[in-house]
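K.L.:
Attaching a single structure in structure tokens format; questions to follow.
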Amino acid sequence: MPHWLQLMLDSLGPLLWAALVFTAPLTLLSFVLGLTLGLVVALIRLFAAWPFTAIVRFYVWIIRGTPLLVQLFLIFYGLPSVGIVLDAFPAALIGFTLNVGAYSSEIIRAVIASVPKGQWEAAYSIGMNWPQAMRRTILPQAARVAVPPLSNTFISLVKDTSLAAAITVPEMFQAAQRIVATTYEPLILYIEAALIYLALSSILSTLQVRLEERLNRYGGFLEARS
């Protein structure tokens, strides 16, 4: 068996274990928390009073205007200067959550704003109040439109978690770096890590396409009935 293939087989287990124990939880938690934060920020942007909209606009401006790696460094290495010390995983979780929250808020704000005003009027005409109209009428329609861009955000997040290696989170890419430090085979190990990320992204992209097709069929069925 070629040396490079044996090395890839030997390192596959540790890489997949790091992906399962650290990369996957970091991705899922960051996305769920970030999506929740993004929804709150989007609703504030659309419906809250000016002081609150100014605050969240500033937050989105800061996050979207600075690199994610810099944000992670500020949280993990910068905050201890003012007495706030965080472990690597919580620091990465906070950083990715804030980043996802800012970007997803713009997506959610746009899709909610794209729902025709007549849908609000129809909901109010049958006696719904604002929360009921939002929950039963507006958000279901907006969610179908938001699936493609939010799915892309999730797939990008899977790859972006590799940046957590820079703040010592032992996720998959740092596992590859540790193996490189003992084997002195960076080309083989980094190619293997890239192939694993590529496989994960491909699987998620396939699931995204199938989800979009299902939602389009369901949406078309509803439109045909209406």
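Quick note on naming: the chains in the structure tokens go A, B, ... in the order shown, residues restart at 1 in each chain, and ligands are numbered from 1 in order of appearance.
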For Trp61 of chain A, please output as a list in words all residues within 12 Å (counting only C-alpha atoms; exclusion window: fewer than 6 positions along the same chain).
P.N.:
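Non-adjacent residues within range: Thr53, Ala54, Ile55, Pro67, Leu98, Asn99, Gly101, Ala102, Tyr103, Ser105 and Glu106 of chain A.
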K.L.:
Within 12 Å of segment 85-94 of chain A, counting only C-alpha atoms, which residues show up once you throw out same-chain ones fewer than 5 positions away? Write them as a PyMOL selection string, please.
P.N.:
chain A and resi 21-34+37+68-80+99-101+157+160-171
K.L.:
For atom CA of Leu35 of chain A and atom CA of Thr97 of chain A, quote the distance in Å rounded to one decimal.
P.N.:
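Separation of atom CA of Leu35 of chain A and atom CA of Thr97 of chain A: 8.1 Å.
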K.L.:
If you count only C-alpha atoms, which residues fall within 9 Å of Leu7 of chain A, apart from same-chain ones fewer than 6 positions away, as a PyMOL selection string?
P.N.:
chain A and resi 183+185+188-189
K.L.:
Counting only C-alpha atoms, figure out which residue out of A:Leu9, A:Met172, A:Ile108, A:Val145 gets nearest to Val40 of chain A.
P.N.:
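Among the listed residues, A:Ile108 lies closest to Val40 of chain A.
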K.L.:
Determine, counting only C-alpha atoms, which protein, DNA and RNA residues have an atom within 8 Å of an atom of segment 195-206 of chain A; residues of the same chain fewer than 5 positions away are not included. Present the result as a PyMOL selection string.
P.N.:
chain A and resi 155+158-159
